[in-house]
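Student: I'd like to ask some things about the structure below.
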Amino acid sequence: MISIVLVLAVSFVALLVMNAPVVVAIAVASLLAILANGSDPGYMVAQRMANGVDSFPLLAIPFFIISGFLMGRGGLARRLIDFAALLVGRLPGGLAYVNTLTCMLFGSISGSAVAAVSSIGGFMIPEMNRKGYKRDFNVALTVTAATTGLLIPPSNAMIVYSVTAGSVSIAALFMAGILPGILVGACIMLMASILCVRNGYGTAAAAPDGAAARVDAWHVCVQAVPSLLLVVLIIGGILSGLFTATEAAAVSVAYAFLLTVVFYREIPLRDVPGIFLQSALTTSVVMLLIGASSALAWIMTVANIPQTVSSALMGLSSNKYMILLIINLLLLAVGVFMDLTPALLIFAPILLPVVRELGISDVHFGIIMIANLCIGVSTPPAGTCLVVGCGVGRTTIANVTWKSLPFVLAMIVALMLITYLPFLSTWLPEMMKHTK
């Protein structure tokens, strides 16, 4: 078994160092490890990859991806920005709050942090630039705030974790992510407030009075409410038992299509095939990752890696809180070099035996993992949101990384609260009777 672990670790790290795509590194390392195990690598890898994607809940992922692309192209970002500005835009430093709140709203509806960065950043970063906020600050805020949509449902990351863990319902994870997602957004807003005051960004604007202001506010709400109802439709439908998470994803596509093509009329029918093609390409990448990671998970189980890691961590300390701290530090390091989806697929099977032995629920640990790996999405060198944000904001990764540090610190504070206050993740699922 030592030879299998050695082949797996060396080949995987070597391929990553050679800048091979993560999915290639996972698949080739699995193939070589299976060969070292004495099995037929071609047959076993193909079989495990096919079995890994042969899961009904995974059908939700392509539907949510299509829904997210429709929302991103359908004028949703502008309407949510207007709605957020109506709520918090008149506060000192208000554009920073508008940016964060809009990212939370858009991310929760589209389920994509990258889509939130490109859609919201395309509007908010230039606007904040014009109002005197520094460009690198604006990009850093957008990049970190966009990750809240990975915690606030619906979230593809939660679907991936649910399938990987095996015993966790998607509905329970959706419920568990609401309060932690809001907490992360609140911590980012608090840090933004401190930085705005320190740097003199933004001033309180006089609120308009009279009938014209009321009519304008009413118009903004009317335009935004149909978009916000998508979350209510999905979560409400799942909790009421009206449909499963996969069926809810299909409903979200139909709703997004009607909203963006028929109601808002932002997307012409001739553009819909292109959106479907783009969604299919994105889905293929995700499914390939899941399939390759399934082969990797199988060979790790054969090599007893999860049990070995569990014994090693339990041998370091018998204190549950110390082990959780070690796991968080490990995941923070992993998130720096690996994207969220492959990190979930690889490390969830390894770490779940550890936390189960500590008496931590799979639901709570899923939220811990996602909240932790969200930080890596916004940090170099593998942070996809950071790369997209710098492209949208026309600045460099080095400059934004420095400005992101306070917001990353705020996210780490939120992560510690999520880790050590389990009721933040478990209260809603328990109240709604979705505990598994």
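Residues are referred to by chain and number: the chain letter is A, B, ... according to the order shown in the structure tokens, the number counts from 1 in that chain, and ligands are numbered separately from 1 in the order shown.
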If you count only C-alpha atoms, which residues fall within 9 Å of A:Pro342, apart from same-chain ones fewer than 5 positions away, as a PyMOL selection string?

Tutor: chain A and resi 22-23+26+286+289-290+293+347

Student: Can you tell me, as a PyMOL selection string, which residues in stretch 144-255 of chain A count as alpha helix (DSSP H) by DSSP?

Tutor: chain A and resi 144-146+156-165+170-199+211-239+245-255

Student: Might you pull out every residue within 8 Å of A:Arg135, with only C-alpha atoms counted and same-chain residues fewer than 5 positions away left off, and present them as a PDB file with N, CA and C atoms, in the first residue's frame?

Tutor:
```
ATOM      1  N   ILE A 125     -17.517  48.080 -10.490  1.00  0.00           N
ATOM      2  CA  ILE A 125     -16.129  48.542 -10.427  1.00  0.00           C
ATOM      3  C   ILE A 125     -15.948  49.871 -11.151  1.00  0.00           C
ATOM      4  N   MET A 128     -17.701  52.617  -9.000  1.00  0.00           N
ATOM      5  CA  MET A 128     -16.933  52.966  -7.799  1.00  0.00           C
ATOM      6  C   MET A 128     -15.685  53.749  -8.164  1.00  0.00           C
ATOM      7  N   ASN A 129     -15.077  53.410  -9.300  1.00  0.00           N
ATOM      8  CA  ASN A 129     -13.915  54.193  -9.765  1.00  0.00           C
ATOM      9  C   ASN A 129     -14.292  55.658  -9.956  1.00  0.00           C
ATOM     10  N   GLY A 393     -11.594  44.429 -13.886  1.00  0.00           N
ATOM     11  CA  GLY A 393     -11.195  45.713 -13.311  1.00  0.00           C
ATOM     12  C   GLY A 393      -9.967  46.333 -13.943  1.00  0.00           C
ATOM     13  N   THR A 395      -6.668  45.557 -13.797  1.00  0.00           N
ATOM     14  CA  THR A 395      -5.570  45.784 -12.862  1.00  0.00           C
ATOM     15  C   THR A 395      -4.783  44.487 -12.723  1.00  0.00           C
TER      16      THR A 395
END
```

Student: I'd like to know which of A:Pro226, A:Gly121, A:Gly391, A:Pro353 is closest to A:Ala256, using only C-alpha atoms.

Tutor: A:Pro226

Student: Hey, can you check how far atom CA of A:Val98 sits from atom CA of A:Gly68?

Tutor: 20.6 Å
